[in-house]
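Text of data_24.cif, listed as mmCIF, C-alpha atoms:
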data_upload
#
loop_
_atom_site.label_atom_id
_atom_site.label_comp_id
_atom_site.auth_asym_id
_atom_site.auth_seq_id
_atom_site.Cartn_x
_atom_site.Cartn_y
_atom_site.Cartn_z
CA MET L 11 -16.11 -34.22 10.35
CA SER L 12 -16.64 -31.27 8.02
CA SER L 13 -20.16 -32.33 7.05
CA ALA L 14 -21.17 -31.89 10.71
CA THR L 15 -20.85 -28.12 10.47
CA ILE L 16 -24.28 -26.52 10.58
CA TYR L 17 -24.87 -22.93 9.62
CA PRO L 18 -27.87 -20.76 10.52
CA PHE L 19 -31.07 -21.65 8.69
CA GLY L 20 -31.19 -20.24 5.17
CA VAL L 21 -27.44 -19.74 4.89
CA ASP L 22 -25.77 -21.58 2.00
CA TYR L 23 -23.34 -24.29 2.96
CA ARG L 24 -19.62 -23.54 2.79
CA VAL L 25 -16.87 -26.03 3.47
CA PRO L 26 -15.50 -25.36 6.98
CA ARG L 27 -11.89 -24.98 8.05
CA PRO L 28 -10.00 -28.30 7.99
CA ARG L 29 -10.00 -30.35 11.14
CA GLY L 30 -8.07 -33.35 12.27
CA GLU L 31 -5.10 -32.95 9.93
CA ASN L 32 -2.78 -33.56 12.87
CA SER L 33 -4.99 -35.85 14.89
CA LEU L 34 -2.69 -38.89 14.59
CA ALA L 35 0.35 -36.92 15.73
CA GLY L 36 -1.75 -35.34 18.49
CA LEU L 37 -3.02 -38.72 19.58
CA ILE L 38 0.46 -40.25 19.71
CA PHE L 39 1.94 -37.20 21.40
CA GLY L 40 -0.85 -37.10 23.96
CA ALA L 41 -0.54 -40.83 24.62
CA ILE L 42 3.22 -40.65 25.17
CA LEU L 43 2.80 -37.59 27.41
CA GLY L 44 0.00 -39.28 29.33
CA LEU L 45 2.08 -42.43 29.77
CA GLY L 46 5.10 -40.42 30.87
CA LEU L 47 3.14 -38.41 33.41
CA THR L 48 1.13 -41.26 34.96
CA GLU L 49 3.16 -44.41 34.14
CA ASN L 50 -0.23 -46.03 33.70
CA PRO L 51 -1.80 -47.38 30.47
CA MET L 52 -4.98 -45.49 31.37
CA GLY L 53 -2.92 -42.31 31.38
CA ALA L 54 -1.80 -43.09 27.86
CA LEU L 55 -5.39 -43.62 26.78
CA ALA L 56 -6.56 -40.40 28.41
CA GLY L 57 -3.56 -38.48 27.05
CA GLY L 58 -4.17 -39.86 23.59
CA ALA L 59 -7.81 -38.81 23.73
CA ILE L 60 -6.92 -35.29 24.91
CA GLY L 61 -4.09 -34.97 22.36
CA GLY L 62 -6.33 -36.16 19.55
CA ALA L 63 -9.10 -33.78 20.56
CA LEU L 64 -6.74 -30.78 20.78
CA ALA L 65 -5.20 -31.58 17.39
CA ASN L 66 -8.71 -31.75 15.97
CA GLN L 67 -9.29 -28.03 16.59
CA PRO L 68 -9.41 -25.95 13.40
CA LEU L 69 -6.78 -23.29 12.74
CA PRO L 70 -7.79 -19.66 13.30
CA LEU L 71 -9.32 -18.20 10.13
CA GLU L 72 -6.25 -16.21 9.05
CA ALA L 73 -3.92 -19.16 9.60
CA ALA L 74 -6.29 -21.50 7.75
CA ILE L 75 -6.51 -19.06 4.81
CA ARG L 76 -2.74 -18.59 4.72
CA ALA L 77 -2.22 -22.36 4.82
CA TYR L 78 -4.66 -22.93 1.96
CA PHE L 79 -3.23 -20.15 -0.21
CA GLY L 80 0.27 -21.42 0.60
CA LYS L 81 -0.67 -24.86 -0.71
CA MET L 82 -1.98 -23.20 -3.87
CA ASN L 83 1.34 -21.33 -4.21
CA LEU L 84 -0.40 -17.97 -3.83
CA PRO L 85 1.52 -15.75 -1.40
CA VAL L 86 -0.82 -13.92 0.98
CA VAL L 87 0.35 -10.35 1.53
CA GLY L 88 -2.40 -9.29 3.89
CA PHE L 89 -5.45 -10.66 5.63
CA TYR L 90 -8.01 -8.13 6.79
CA ARG L 91 -10.86 -8.99 9.07
CA LEU L 92 -13.60 -6.48 8.36
CA GLY L 93 -15.79 -6.96 11.38
CA PRO L 94 -17.16 -10.36 12.42
CA ARG L 95 -18.94 -11.14 9.13
CA ALA L 96 -16.43 -10.17 6.47
CA ALA L 97 -12.81 -10.71 5.50
CA LYS L 98 -10.55 -9.59 2.70
CA VAL L 99 -7.38 -11.26 1.39
CA LEU L 100 -4.61 -9.52 -0.54
CA PHE L 101 -2.55 -12.00 -2.52
CA ARG L 102 0.05 -12.20 -5.26
CA TYR L 103 -0.75 -13.95 -8.53
CA ARG L 104 0.85 -13.62 -11.95
CA GLU L 105 3.07 -10.73 -10.93
CA GLN L 106 0.18 -8.61 -9.71
CA PHE L 107 -1.72 -8.05 -6.50
CA TRP L 108 -5.34 -9.06 -6.14
CA THR L 109 -7.95 -8.89 -3.44
CA ILE L 110 -10.90 -11.10 -2.72
CA MET L 111 -13.55 -10.39 -0.20
CA SER L 112 -16.17 -12.49 1.50
CA ARG L 113 -19.17 -11.32 3.47
CA ALA L 114 -21.37 -13.72 5.40
CA PRO L 115 -25.15 -13.22 5.18
CA GLU L 116 -26.89 -11.63 8.12
CA SER L 117 -28.29 -13.89 10.78
CA SER L 118 -28.76 -13.64 14.50
CA ASN L 119 -27.71 -17.26 14.93
CA TRP L 120 -24.10 -17.00 13.90
CA THR L 121 -21.40 -18.01 16.34
CA SER L 122 -17.85 -16.82 15.81
CA GLU L 123 -16.71 -20.39 15.00
CA MET L 124 -19.47 -20.77 12.42
CA LEU L 125 -18.57 -17.43 10.86
CA ASP L 126 -14.90 -18.35 10.59
CA ASP L 127 -15.82 -21.66 8.98
CA TRP L 128 -18.24 -20.05 6.55
CA LEU L 129 -15.83 -17.27 5.54
CA TYR L 130 -13.07 -19.83 5.02
CA GLY L 131 -15.21 -21.97 2.77
CA ASP L 132 -16.57 -18.98 0.86
CA ILE L 133 -13.08 -17.63 0.21
CA VAL L 134 -11.34 -20.87 -0.78
CA GLU L 135 -14.14 -22.65 -2.60
CA LYS L 136 -16.14 -19.84 -4.12
CA GLN L 137 -14.43 -16.45 -4.30
CA LEU L 138 -10.88 -17.65 -5.06
CA PRO L 139 -11.68 -19.98 -7.99
CA ILE L 140 -13.89 -17.31 -9.56
CA ARG L 141 -11.20 -14.68 -9.08
CA LEU L 142 -8.45 -16.87 -10.52
CA ARG L 143 -10.61 -17.76 -13.52
CA ASN L 144 -11.33 -14.09 -14.17
CA ILE L 145 -7.69 -13.14 -13.80
CA ASP L 146 -6.56 -15.91 -16.15
CA ALA L 147 -9.21 -14.92 -18.68
CA HIS L 148 -8.21 -11.27 -18.39
CA LEU L 149 -4.46 -11.79 -18.60
CA GLY L 150 -4.70 -14.57 -21.16
CA MET D 132 2.38 -48.78 12.64
CA ASN D 133 4.45 -50.07 15.57
CA LEU D 134 5.55 -47.92 18.50
CA GLU D 135 9.03 -47.23 17.09
CA GLU D 136 7.61 -46.07 13.78
CA ALA D 137 5.07 -43.96 15.61
CA ILE D 138 7.79 -42.30 17.70
CA ASN D 139 9.92 -41.68 14.59
CA ALA D 140 6.92 -40.14 12.83
CA LEU D 141 6.24 -38.01 15.89
CA GLU D 142 9.87 -36.86 16.08
CA LEU D 143 9.77 -35.87 12.43
CA ALA D 144 6.47 -34.05 12.90
CA VAL D 145 7.80 -32.16 15.93
CA ALA D 146 11.07 -31.26 14.14
CA ASN D 147 9.11 -29.96 11.14
CA ALA D 148 6.77 -28.02 13.39
CA VAL D 149 9.69 -26.42 15.27
CA ALA D 150 11.42 -25.52 11.99
CA ASN D 151 8.20 -23.95 10.71
CA ILE D 152 7.75 -21.99 13.94
CA VAL D 153 11.33 -20.67 13.84
CA ARG D 154 10.97 -19.74 10.17
CA ALA D 155 7.68 -17.97 10.83
CA ALA D 156 9.12 -16.15 13.85
CA LEU D 157 11.97 -14.70 11.78
CA SER D 158 9.99 -13.94 8.60
CA ASP D 159 8.28 -10.70 7.77
CA ASP D 160 4.54 -11.18 7.35
CA LYS D 161 4.25 -8.85 4.33
CA THR D 162 7.46 -9.31 2.40
CA PRO D 163 9.87 -12.14 1.61
CA LEU D 164 12.44 -10.51 3.90
CA GLY D 165 13.54 -11.11 7.47
CA ASN D 166 11.72 -9.28 10.24
CA SER D 167 13.08 -7.14 13.06
CA LEU D 168 13.76 -10.22 15.19
CA ALA D 169 15.84 -11.75 12.42
CA LEU D 170 17.68 -8.43 12.09
CA GLU D 171 18.36 -8.38 15.82
CA LYS D 172 19.89 -11.84 15.64
CA THR D 173 22.21 -10.72 12.84
CA THR D 174 23.41 -7.33 14.03
CA SER D 175 26.11 -8.66 16.35
CA LEU D 176 28.00 -9.92 13.27
CA VAL D 177 28.15 -6.50 11.59
CA GLY D 178 31.66 -5.11 11.34
CA THR D 179 33.34 -8.16 12.83
CA GLY D 180 35.41 -8.91 9.73
CA GLY D 181 35.68 -11.94 7.49
CA ASP D 182 32.65 -12.52 5.32
CA ASN D 183 30.39 -10.70 7.77
CA PRO D 184 28.58 -7.56 6.60
CA ASP D 185 30.29 -4.24 7.13
CA VAL D 186 27.84 -1.93 5.35
CA VAL D 187 24.46 -0.99 6.78
CA VAL D 188 21.95 0.28 4.22
CA PHE D 189 18.77 1.95 5.35
CA GLY D 190 15.90 2.32 2.90
CA ASP D 191 12.75 4.31 3.43
CA MET D 192 9.78 4.23 1.08
CA ASN D 193 8.66 7.54 -0.30
CA ARG D 194 5.04 8.68 -0.08
CA LEU D 195 3.69 5.47 1.47
CA LYS D 196 1.50 7.54 3.76
CA GLY D 197 0.01 9.22 0.69
CA ILE D 198 -0.77 5.82 -0.85
CA ASN D 199 -2.37 4.63 2.38
CA ASP D 200 -4.39 7.82 2.72
CA GLN D 201 -5.50 7.97 -0.89
CA PHE D 202 -6.01 4.31 -1.81
CA GLY D 203 -6.22 2.49 1.50
CA HIS D 204 -3.93 0.22 3.47
CA VAL D 205 -4.51 -2.77 1.20
CA VAL D 206 -2.75 -0.91 -1.62
CA GLY D 207 -0.16 0.31 0.89
CA ASP D 208 0.53 -3.29 1.88
CA ALA D 209 0.85 -4.24 -1.79
CA ALA D 210 3.39 -1.41 -2.18
CA ILE D 211 5.38 -2.68 0.79
CA ARG D 212 5.31 -6.20 -0.61
CA HIS D 213 6.40 -5.05 -4.05
CA VAL D 214 9.31 -3.03 -2.71
CA GLY D 215 10.25 -5.93 -0.44
CA GLU D 216 10.39 -8.28 -3.42
CA LEU D 217 12.59 -5.85 -5.36
CA ILE D 218 14.92 -5.45 -2.39
CA LYS D 219 15.09 -9.23 -2.00
CA ASP D 220 16.09 -9.64 -5.66
CA VAL D 221 18.82 -7.02 -5.37
CA ALA D 222 20.02 -8.34 -2.00
CA ASP D 223 20.24 -11.89 -3.36
CA GLU D 224 22.38 -10.68 -6.25
CA CYS D 225 24.71 -8.93 -3.83
CA ASN D 226 24.87 -11.81 -1.33
CA ALA D 227 23.29 -9.44 1.15
CA GLN D 228 20.73 -9.95 3.88
CA ALA D 229 17.60 -7.81 3.79
CA PHE D 230 15.05 -7.08 6.47
CA ARG D 231 11.93 -5.00 6.97
CA ARG D 232 12.33 -3.38 10.36
CA SER D 233 8.87 -1.88 10.58
CA GLY D 234 6.39 0.01 8.44
CA ASP D 235 8.20 1.22 5.35
CA GLU D 236 11.75 0.91 6.67
CA PHE D 237 14.10 -1.64 5.13
CA ILE D 238 17.60 -2.59 6.16
CA VAL D 239 20.18 -4.34 4.01
CA LEU D 240 23.42 -5.71 5.45
CA LEU D 241 26.14 -6.36 2.94
CA CYS D 242 29.89 -6.59 2.48
CA ASN D 243 31.81 -3.60 1.21
CA ARG D 244 32.96 -5.59 -1.83
CA SER D 245 29.30 -5.92 -2.91
CA LEU D 246 28.47 -2.26 -2.35
CA GLU D 247 29.16 -1.12 -5.92
CA ARG D 248 26.95 -3.87 -7.29
CA PHE D 249 24.18 -2.78 -4.92
CA LYS D 250 24.55 0.88 -5.90
CA ASP D 251 24.46 -0.06 -9.59
CA GLN D 252 20.98 -1.49 -9.10
CA VAL D 253 19.53 1.21 -6.90
CA SER D 254 18.06 3.04 -9.89
CA VAL D 255 15.29 0.41 -10.11
CA PHE D 256 13.94 1.86 -6.89
CA SER D 257 13.31 5.30 -8.38
CA SER D 258 10.03 4.08 -9.83
CA CYS D 259 8.51 0.92 -8.43
CA ASP D 260 5.36 0.33 -10.47
CA PHE D 261 2.90 -2.31 -9.39
CA GLN D 262 -0.65 -3.35 -10.13
CA SER D 263 -3.30 -4.13 -7.59
CA ASP D 264 -6.75 -5.19 -8.75
CA GLU D 265 -5.87 -4.01 -12.25
CA LYS D 266 -5.02 -0.47 -11.18
CA GLN D 267 -1.53 0.90 -11.65
CA TYR D 268 0.34 2.42 -8.71
CA ARG D 269 3.82 3.78 -8.21
CA THR D 270 6.06 4.04 -5.24
CA ALA D 271 9.77 4.61 -4.71
CA ILE D 272 12.45 4.20 -2.12
CA SER D 273 15.65 6.02 -1.25
CA PHE D 274 18.67 4.66 0.58
CA GLY D 275 21.38 5.83 2.90
CA TYR D 276 24.30 3.71 3.96
CA ALA D 277 27.14 3.74 6.41
CA LEU D 278 30.40 1.83 6.32
CA SER D 279 31.77 0.12 9.37
CA LEU D 280 35.21 1.39 10.21
CA GLY D 281 35.62 -1.19 12.88
CA GLU D 282 35.12 1.07 15.85
CA ILE D 283 31.40 1.79 15.92
CA ASP D 284 28.62 -0.61 16.64
CA PHE D 285 25.54 -1.49 14.61
CA THR D 286 23.27 1.00 16.40
CA ASP D 287 25.51 3.92 15.44
CA LEU D 288 25.92 2.62 11.90
CA LEU D 289 22.18 2.38 11.54
CA ALA D 290 21.72 5.93 12.87
CA ARG D 291 24.23 7.15 10.30
CA ALA D 292 22.53 5.23 7.51
CA GLU D 293 19.19 6.75 8.54
CA THR D 294 20.69 10.23 8.46
CA ALA D 295 22.11 9.58 4.99
CA CYS D 296 18.70 8.30 3.92
CA GLN D 297 17.07 11.58 4.97
CA ILE D 298 19.42 13.42 2.63
CA ALA D 299 18.85 10.83 -0.11
CA LYS D 300 15.10 11.38 0.14
CA SER D 301 15.58 15.11 -0.19
CA GLN D 302 17.58 14.48 -3.38
CA GLY D 303 14.84 12.39 -5.00
CA ASP D 304 13.49 8.91 -5.57
CA GLY D 305 15.91 6.03 -5.92
CA LYS D 306 18.91 7.93 -4.58
CA CYS D 307 21.57 6.25 -2.50
CA VAL D 308 23.76 8.43 -0.28
CA GLU D 309 26.78 7.48 1.80
CA TRP D 310 27.03 8.84 5.32
CA THR D 311 29.86 11.30 5.79
CA GLU D 312 30.55 14.12 8.25
CA GLU D 313 29.30 16.52 5.59
CA ILE D 314 26.03 14.57 5.23
CA GLU D 315 25.61 14.71 9.00
CA ARG D 316 26.07 18.52 8.88
CA GLN D 317 23.54 18.79 6.07
CA ALA D 318 21.05 16.73 8.04
CA ILE D 319 21.54 18.93 11.10
CA ASP D 320 21.14 22.09 9.02
CA ARG D 321 17.88 20.75 7.64
CA LEU D 322 16.61 20.41 11.16
CA ARG D 323 17.67 23.91 12.23
CA GLU D 324 15.21 26.74 12.35
CA ARG D 325 15.95 30.43 11.93
CA CYS D 326 14.74 32.76 14.64
CA ASP D 327 12.38 35.31 13.10
CA ALA D 328 13.49 37.98 15.56
CA CYS D 329 17.30 37.84 15.51
CA GLY D 330 17.94 35.64 12.47
CA SER D 331 20.19 33.16 14.23
CA LEU D 332 20.04 29.46 13.42
CA ILE D 333 18.61 27.53 16.32
CA ASP D 334 19.31 23.89 17.02
CA CYS D 335 15.82 23.44 18.32
CA ALA D 336 15.09 20.37 16.23
CA ILE D 337 18.40 18.61 16.84
CA PRO D 338 17.40 17.65 20.36
CA ARG D 339 15.21 14.95 18.90
CA ARG D 340 18.34 12.85 18.78
CA THR D 341 20.82 14.52 21.09
CA MET D 342 18.83 15.83 24.03
CA PRO D 343 17.18 13.66 26.63
CA GLN D 344 13.48 12.89 26.46
CA ASN D 345 13.16 14.49 22.99
CA ARG D 346 13.12 17.85 24.75
CA ARG D 347 12.77 20.85 22.43
CA LEU D 348 13.85 24.38 23.08
CA ILE D 349 10.92 26.70 23.49
CA SER D 350 12.70 30.00 22.95
CA CYS D 351 15.62 31.37 20.96
CA PRO D 352 18.80 31.08 23.08
CA CYS D 353 20.12 34.36 21.57
CA CYS D 354 17.22 36.76 22.00
CA GLY D 355 14.70 34.77 24.05
CA THR D 356 11.94 35.03 21.47
CA ALA D 357 9.36 32.25 21.85
CA LEU D 358 9.51 29.70 19.03
CA ALA D 359 6.30 28.84 17.21
CA ASP D 360 6.94 25.11 17.41
CA GLY D 361 8.13 25.20 21.04
#
Represent the structure from my file as structure tokens, please.
Amino acid sequence: MSSATIYPFGVDYRVPRPRGENSLAGLIFGAILGLGLTENPMGALAGGAIGGALANQPLPLEAAIRAYFGKMNLPVVGFYRLGPRAAKVLFRYREQFWTIMSRAPESSNWTSEMLDDWLYGDIVEKQLPIRLRNIDAHLG
Amino acid sequence: MNLEEAINALELAVANAVANIVRAALSDDKTPLGNSLALEKTTSLVGTGGDNPDVVVFGDMNRLKGINDQFGHVVGDAAIRHVGELIKDVADECNAQAFRRSGDEFIVLLCNRSLERFKDQVSVFSSCDFQSDEKQYRTAISFGYALSLGEIDFTDLLARAETACQIAKSQGDGKCVEWTEEIERQAIDRLRERCDACGSLIDCAIPRRTMPQNRRLISCPCCGTALADG
């Protein structure tokens, strides 16, 4: 699913926000709801398809960032969207506060979904590991 | 996976999702404390006896606006977080509940028997040093508190604690002041202005709390001289 994300020409690839983490639950929930509403197996199929599709939507950028940092045990204190192409995260690590910032390259072909995906990937896969390495090297 | 297992998995997923939503709805987004909604759900217990809290502590950060203005809101948010963590540590030691109501205002609800322990630790709030992006910053917080005597409700207790906090802030960082009638008088005096013409003390600033619609007097009631801040 993630490999299908295409960014504007010339923009480096960044891993997009996770999709489909709840697709099974969405599918089951949708199927049960569809069956309950229509009392028809086709309703269950349609409901399952709709539930699965809805659960496949990515989280909003801030929620996706908070979820990722949460998994890494890094409390996010603040998330700042700096216009459509940039975002900054204030987080706690080793008893201090740190910020990381990501800015997407200019392009007239960005969509807001693409930008959110790119910023997510840039923050979690590029900026954060670099920052943590630097902090660890600095603090010893 | 058969249908029963699928339904059980779904039930568990829904229960976890609901628990996460409730937790998120009651948690402050910047600090490890409860938010104003969590506070609202707790206030009805204040002063009702037993193990319920009967002391309302109001804390207000000092110079947060200066930090925001000088270093930006990211550092201001770090300051709020840092103070929130310190308050959480102290509150946990005192079996108290702590909340961030809004901005730089914190509320702690505790039992009278834990009050001395809380006051013993207040000195840590006189100088709250923290680092953000390798730069050193300092903030502080002062507290006022009011004791429930059984006959006033949470809103009045909180107003008293806020009044005591104003006096605490005037005394310096990390101070903790109990609300008394004398503290209330001091707070009122601090809000009074002296008429330049006749020299009488004018309660022109008191109406913020006691007069409807925050109405302010525009002239001295003794001599009729127009007030600069009218």
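CA of Thr174 (chain D) to CA of Val187 (chain D) spans 9.7 Å [interatomic distance, one decimal].
CA of Lys161 (chain D) lies 25.2 Å from CA of Trp128 (chain L).
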Open item on the list: Using only C-alpha atoms and a distance of at most 10 Å, pull out the residues of chain D that contact chain L, as a list of chain:residue names.
Closed with: D:Leu134, D:Ala137, D:Ile138, D:Ala140, D:Leu141, D:Glu142, D:Ala144, D:Val145, D:Asp160, D:Lys161, D:Thr162, D:Pro163, D:His204, D:Val205, D:Val206, D:Asp208, D:Ala209, D:Ala210, D:Ile211, D:Arg212, D:His213, D:Phe261, D:Gln262, D:Ser263, D:Asp264, D:Glu265, D:Lys266, D:Gln267
Task: Coordinates-based distance that separates CA of Leu125 (chain L) from CA of Gly80 (chain L) (Å, one decimal) - done: 21.8 Å
Open item on the list: Need to verify the contact set: Cys296 (chain D), 12 Å, only C-alpha atoms, exclusion of same-chain residues closer than 4 positions in sequence. Can you return it as a count of residues only?
Closed with: 36
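Of the listed residues L:Asn144, L:Arg76, L:Val21, L:Leu149, the one whose atoms come nearest to Arg113 (chain L) is L:Val21, with distances taken using only C-alpha atoms.
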Open item on the list: For the PyMOL selection byres ((chain L and resi 117) around 10), applied here, can you spell out every residue it catches as a ChimeraX atom specification?
Closed with: /L:17-21,95,114-116,118-121
Open item on the list: My list of candidates is D:Arg231, D:Val186, D:Cys242, D:Leu217. Which is closest to Asp260 (chain D) when distances are computed with all atoms listed in the file?
Closed with: D:Leu217
TODO: Find the residues around Ser245 (chain D) up to 10 Å (all atoms listed in the file counted), leave out those fewer than 2 positions away in its own chain, and share them as JSON, numbers by chain.
DONE: {"D": [184, 186, 222, 224, 225, 226, 227, 241, 242, 243, 247, 248, 249, 250]}
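Using all atoms listed in the file, the contacts of Glu282 (chain D) at a cut-off of 12 Å, with sequence neighbours closer than 3 positions omitted, comprise Val177, Gly178, Thr179, Gly180, Asp185, Leu278, Ser279, Phe285, Thr286, Asp287 and Leu288 of chain D.
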Task: Nearest-residue call for Gln67 (chain L), choices L:Arg104, L:Asp127, L:Met82, L:Leu92, using only C-alpha atoms - done: L:Asp127
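Considering only C-alpha atoms, the residue among L:Arg141, L:Asn66, L:Leu84, L:Leu129 positioned nearest to Ala96 (chain L) is L:Leu129.
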Can you fill out region 97-123 of chain L with N, CA and C atoms and hand it back as a PDB file, keeping the file's coordinate frame?
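Output saved as part20.pdb:
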ATOM      1  N   ALA L  97     -14.278 -10.631   5.535  1.00  0.00           N
ATOM      2  CA  ALA L  97     -12.810 -10.710   5.500  1.00  0.00           C
ATOM      3  C   ALA L  97     -12.333 -10.443   4.087  1.00  0.00           C
ATOM      4  N   LYS L  98     -11.140  -9.878   4.004  1.00  0.00           N
ATOM      5  CA  LYS L  98     -10.550  -9.590   2.700  1.00  0.00           C
ATOM      6  C   LYS L  98      -9.133 -10.176   2.684  1.00  0.00           C
ATOM      7  N   VAL L  99      -8.724 -10.690   1.536  1.00  0.00           N
ATOM      8  CA  VAL L  99      -7.380 -11.260   1.390  1.00  0.00           C
ATOM      9  C   VAL L  99      -6.681 -10.558   0.236  1.00  0.00           C
ATOM     10  N   LEU L 100      -5.457 -10.091   0.517  1.00  0.00           N
ATOM     11  CA  LEU L 100      -4.610  -9.520  -0.540  1.00  0.00           C
ATOM     12  C   LEU L 100      -3.558 -10.567  -0.877  1.00  0.00           C
ATOM     13  N   PHE L 101      -3.503 -10.953  -2.147  1.00  0.00           N
ATOM     14  CA  PHE L 101      -2.550 -12.000  -2.520  1.00  0.00           C
ATOM     15  C   PHE L 101      -1.855 -11.676  -3.836  1.00  0.00           C
ATOM     16  N   ARG L 102      -0.779 -12.408  -4.083  1.00  0.00           N
ATOM     17  CA  ARG L 102       0.050 -12.200  -5.260  1.00  0.00           C
ATOM     18  C   ARG L 102      -0.266 -13.320  -6.253  1.00  0.00           C
ATOM     19  N   TYR L 103      -0.514 -12.944  -7.502  1.00  0.00           N
ATOM     20  CA  TYR L 103      -0.750 -13.950  -8.530  1.00  0.00           C
ATOM     21  C   TYR L 103      -0.393 -13.352  -9.885  1.00  0.00           C
ATOM     22  N   ARG L 104       0.419 -14.046 -10.621  1.00  0.00           N
ATOM     23  CA  ARG L 104       0.850 -13.620 -11.950  1.00  0.00           C
ATOM     24  C   ARG L 104       1.400 -12.201 -11.930  1.00  0.00           C
ATOM     25  N   GLU L 105       2.305 -11.980 -11.008  1.00  0.00           N
ATOM     26  CA  GLU L 105       3.070 -10.730 -10.930  1.00  0.00           C
ATOM     27  C   GLU L 105       2.222  -9.508 -10.574  1.00  0.00           C
ATOM     28  N   GLN L 106       1.017  -9.745 -10.120  1.00  0.00           N
ATOM     29  CA  GLN L 106       0.180  -8.610  -9.710  1.00  0.00           C
ATOM     30  C   GLN L 106      -0.444  -8.906  -8.351  1.00  0.00           C
ATOM     31  N   PHE L 107      -1.035  -7.878  -7.776  1.00  0.00           N
ATOM     32  CA  PHE L 107      -1.720  -8.050  -6.500  1.00  0.00           C
ATOM     33  C   PHE L 107      -3.225  -8.073  -6.737  1.00  0.00           C
ATOM     34  N   TRP L 108      -3.902  -8.920  -5.983  1.00  0.00           N
ATOM     35  CA  TRP L 108      -5.340  -9.060  -6.140  1.00  0.00           C
ATOM     36  C   TRP L 108      -5.992  -9.161  -4.770  1.00  0.00           C
ATOM     37  N   THR L 109      -7.214  -8.722  -4.691  1.00  0.00           N
ATOM     38  CA  THR L 109      -7.950  -8.890  -3.440  1.00  0.00           C
ATOM     39  C   THR L 109      -9.200  -9.716  -3.699  1.00  0.00           C
ATOM     40  N   ILE L 110      -9.579 -10.476  -2.694  1.00  0.00           N
ATOM     41  CA  ILE L 110     -10.900 -11.100  -2.720  1.00  0.00           C
ATOM     42  C   ILE L 110     -11.546 -10.843  -1.373  1.00  0.00           C
ATOM     43  N   MET L 111     -12.840 -10.718  -1.415  1.00  0.00           N
ATOM     44  CA  MET L 111     -13.550 -10.390  -0.200  1.00  0.00           C
ATOM     45  C   MET L 111     -14.725 -11.348  -0.025  1.00  0.00           C
ATOM     46  N   SER L 112     -15.016 -11.642   1.208  1.00  0.00           N
ATOM     47  CA  SER L 112     -16.170 -12.490   1.500  1.00  0.00           C
ATOM     48  C   SER L 112     -16.985 -11.838   2.610  1.00  0.00           C
ATOM     49  N   ARG L 113     -18.275 -11.880   2.443  1.00  0.00           N
ATOM     50  CA  ARG L 113     -19.170 -11.320   3.470  1.00  0.00           C
ATOM     51  C   ARG L 113     -20.261 -12.352   3.761  1.00  0.00           C
ATOM     52  N   ALA L 114     -20.364 -12.718   5.011  1.00  0.00           N
ATOM     53  CA  ALA L 114     -21.370 -13.720   5.400  1.00  0.00           C
ATOM     54  C   ALA L 114     -22.746 -13.059   5.458  1.00  0.00           C
ATOM     55  N   PRO L 115     -23.797 -13.803   5.098  1.00  0.00           N
ATOM     56  CA  PRO L 115     -25.150 -13.220   5.180  1.00  0.00           C
ATOM     57  C   PRO L 115     -25.534 -12.921   6.630  1.00  0.00           C
ATOM     58  N   GLU L 116     -26.459 -12.011   6.757  1.00  0.00           N
ATOM     59  CA  GLU L 116     -26.890 -11.630   8.120  1.00  0.00           C
ATOM     60  C   GLU L 116     -27.715 -12.745   8.745  1.00  0.00           C
ATOM     61  N   SER L 117     -27.484 -12.945  10.012  1.00  0.00           N
ATOM     62  CA  SER L 117     -28.290 -13.890  10.780  1.00  0.00           C
ATOM     63  C   SER L 117     -27.993 -13.646  12.257  1.00  0.00           C
ATOM     64  N   SER L 118     -28.990 -13.835  13.065  1.00  0.00           N
ATOM     65  CA  SER L 118     -28.760 -13.640  14.500  1.00  0.00           C
ATOM     66  C   SER L 118     -28.220 -14.920  15.142  1.00  0.00           C
ATOM     67  N   ASN L 119     -28.117 -15.977  14.346  1.00  0.00           N
ATOM     68  CA  ASN L 119     -27.710 -17.260  14.930  1.00  0.00           C
ATOM     69  C   ASN L 119     -26.250 -17.632  14.671  1.00  0.00           C
ATOM     70  N   TRP L 120     -25.508 -16.701  14.134  1.00  0.00           N
ATOM     71  CA  TRP L 120     -24.100 -17.000  13.900  1.00  0.00           C
ATOM     72  C   TRP L 120     -23.366 -17.132  15.223  1.00  0.00           C
ATOM     73  N   THR L 121     -22.409 -18.040  15.275  1.00  0.00           N
ATOM     74  CA  THR L 121     -21.400 -18.010  16.340  1.00  0.00           C
ATOM     75  C   THR L 121     -20.092 -17.637  15.664  1.00  0.00           C
ATOM     76  N   SER L 122     -19.106 -17.245  16.430  1.00  0.00           N
ATOM     77  CA  SER L 122     -17.850 -16.820  15.810  1.00  0.00           C
ATOM     78  C   SER L 122     -17.184 -18.007  15.094  1.00  0.00           C
ATOM     79  N   GLU L 123     -17.289 -19.204  15.656  1.00  0.00           N
ATOM     80  CA  GLU L 123     -16.710 -20.390  15.000  1.00  0.00           C
ATOM     81  C   GLU L 123     -17.387 -20.661  13.658  1.00  0.00           C
TER      82      GLU L 123
END
